[in-house]
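**Student:** Provided herewith is a single structure, encoded as structure tokens, for subsequent inquiry.
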Amino acid sequence: MEIQLKDIQNEFDYTGELTIAPFECNNDEITPTKPVTVQLHFKKENDKILVTGTANTTFQVNCHRCGTPYEETLPFEIIETFANMPEEEEYKIASGKLFLDDMIFDNFRLNLPMHYLCKEDCKGICFGCGKNLNVENCECGK
Ligand SMILES: [Zn+2]
Ligand SMILES: [Zn+2]
């Protein structure tokens, strides 16, 4: 997904979708179940382009307590800067283009939660008998 620098005379709005392949983050397998949708606003400021906007995606991940895969929804915000001579944490304008994929993926990763629970009161797995206590009753009485 890319934007031509020449299309941003002053300000520019952009809506798009980015498909992201499954990836690992903090030992969690993140499997996107639909593309990341982005609504971005580009604004020229001197020789830099400011990008602000919102994004939304859903992905499948394993619950930290019971291990069952479930779907998470993750809305997040994007505030970034593109520049010809990027400073730290800025993205480079390359060949007159702004390539958005890395920027969107970086923001996706940064906004991932540290803990995943399939539901707030997930009962988890019994340490004694290994039953998933959300769907079965413990047989060992622990
Ligand atoms: Zn769970
Ligand atoms: Zn048990």
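To be explicit about the labels: the chains of the structure tokens are called A, B, and onward in the order shown, and within each one the residues are counted from 1, while ligands get numbers from 1 in the order they are shown.
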Can you tell me which residues come within 8 Å of ligand 2 when counting only C-alpha atoms and all ligand atoms, ideally as a list in words?

**Tutor:**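 Written in the requested form, the residues are Cys126, Phe127, Gly128, Cys129, Gly130, Lys131, Asn137, Cys138, Glu139, Cys140, Gly141 and Lys142 of chain A.
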
**Student:** Using only N, CA and C atoms, please write the residues we just selected to a file, as a CSV table (one decimal), in the first residue's frame.

**Tutor:**
```csv
chain,number,residue,atom,x,y,z
A,126,CYS,N,-7.7,-27.1,34.7
A,126,CYS,CA,-7.4,-27.6,36.0
A,126,CYS,C,-6.0,-28.2,35.9
A,127,PHE,N,-5.2,-27.9,36.9
A,127,PHE,CA,-3.8,-28.4,37.0
A,127,PHE,C,-3.8,-29.9,37.3
A,128,GLY,N,-4.9,-30.4,37.9
A,128,GLY,CA,-4.9,-31.8,38.3
A,128,GLY,C,-5.2,-32.7,37.1
A,129,CYS,N,-6.4,-32.4,36.5
A,129,CYS,CA,-6.9,-33.3,35.5
A,129,CYS,C,-6.8,-32.8,34.1
A,130,GLY,N,-6.4,-31.5,33.9
A,130,GLY,CA,-6.2,-30.9,32.6
A,130,GLY,C,-7.4,-30.6,31.9
A,131,LYS,N,-8.6,-30.7,32.5
A,131,LYS,CA,-9.8,-30.3,31.8
A,131,LYS,C,-9.9,-28.8,31.6
A,137,ASN,N,-16.4,-30.2,33.7
A,137,ASN,CA,-16.2,-30.2,35.2
A,137,ASN,C,-14.9,-31.0,35.5
A,138,CYS,N,-14.2,-30.5,36.5
A,138,CYS,CA,-13.1,-31.1,37.0
A,138,CYS,C,-13.4,-32.5,37.5
A,139,GLU,N,-12.6,-33.5,37.2
A,139,GLU,CA,-12.8,-34.9,37.7
A,139,GLU,C,-12.0,-35.3,38.9
A,140,CYS,N,-11.0,-34.4,39.2
A,140,CYS,CA,-10.0,-34.8,40.2
A,140,CYS,C,-10.3,-34.1,41.5
A,141,GLY,N,-11.2,-33.2,41.5
A,141,GLY,CA,-11.6,-32.5,42.7
A,141,GLY,C,-10.7,-31.5,43.3
A,142,LYS,N,-9.7,-31.0,42.4
A,142,LYS,CA,-8.7,-30.0,42.9
A,142,LYS,C,-9.3,-28.6,42.8
```

**Student:** Going by DSSP on the backbone, which bits of chain A are strand (DSSP E)? Write them as a VMD selection string, please.

**Tutor:** chain A and resid 2 to 4 11 to 18 23 to 25 28 to 32 36 to 45 48 to 62 69 to 83 91 to 92 97 to 99

**Student:** I'd like to know which of A:Pro69, A:Pro75, A:Pro32, A:Pro86 is closest to A:Tyr116, using only C-alpha atoms.

**Tutor:** A:Pro69

**Student:** Contacts between ligand 1 and chain A, please, where a residue of chain A counts if it comes within 12 Å (with only C-alpha atoms and all ligand atoms); show its shortest atom pair and distance in Å to one decimal, rows by chain and ascending number, as CSV.

**Tutor:**
```
residue,atom,partner,partner_atom_place_in_ligand_line,distance
A:Val61,CA,ligand 1,1 (Zn),10.5
A:Asn62,CA,ligand 1,1 (Zn),7.9
A:Cys63,CA,ligand 1,1 (Zn),4.6
A:His64,CA,ligand 1,1 (Zn),6.5
A:Arg65,CA,ligand 1,1 (Zn),4.9
A:Cys66,CA,ligand 1,1 (Zn),4.1
A:Gly67,CA,ligand 1,1 (Zn),6.1
A:Thr68,CA,ligand 1,1 (Zn),5.9
A:Pro69,CA,ligand 1,1 (Zn),8.2
A:Tyr70,CA,ligand 1,1 (Zn),8.3
A:Glu71,CA,ligand 1,1 (Zn),11.3
A:His115,CA,ligand 1,1 (Zn),11.0
A:Tyr116,CA,ligand 1,1 (Zn),8.1
A:Leu117,CA,ligand 1,1 (Zn),5.2
A:Cys118,CA,ligand 1,1 (Zn),4.3
A:Lys119,CA,ligand 1,1 (Zn),6.1
A:Glu120,CA,ligand 1,1 (Zn),8.3
A:Asp121,CA,ligand 1,1 (Zn),8.1
A:Cys122,CA,ligand 1,1 (Zn),4.6
A:Lys123,CA,ligand 1,1 (Zn),6.7
A:Gly124,CA,ligand 1,1 (Zn),5.6
A:Ile125,CA,ligand 1,1 (Zn),8.4
A:Cys126,CA,ligand 1,1 (Zn),12.0
A:Asn132,CA,ligand 1,1 (Zn),8.5
A:Leu133,CA,ligand 1,1 (Zn),9.1
A:Asn134,CA,ligand 1,1 (Zn),7.5
A:Val135,CA,ligand 1,1 (Zn),10.3
```

**Student:** With distances taken over only C-alpha atoms, which residue among A:Glu90, A:Gln60, A:Ile49, A:Asp101 lies nearest A:Leu5?

**Tutor:**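 Smallest distance to A:Leu5 is found for A:Ile49.
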
**Student:** Of the candidates A:Gln4, A:Phe105, A:Lys43, A:Pro113, which shows the shortest atom-to-atom distance to A:Thr19, using only C-alpha atoms?

**Tutor:**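 Nearest candidate to A:Thr19 out of A:Gln4, A:Phe105, A:Lys43, A:Pro113: A:Phe105.
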
**Student:** I need the residue nearest A:Tyr91 from this list: A:Gly16, A:Glu77, A:Asn111, A:Leu50. Use only C-alpha atoms for the distance.

**Tutor:**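 Smallest separation from A:Tyr91 among the options: A:Leu50.
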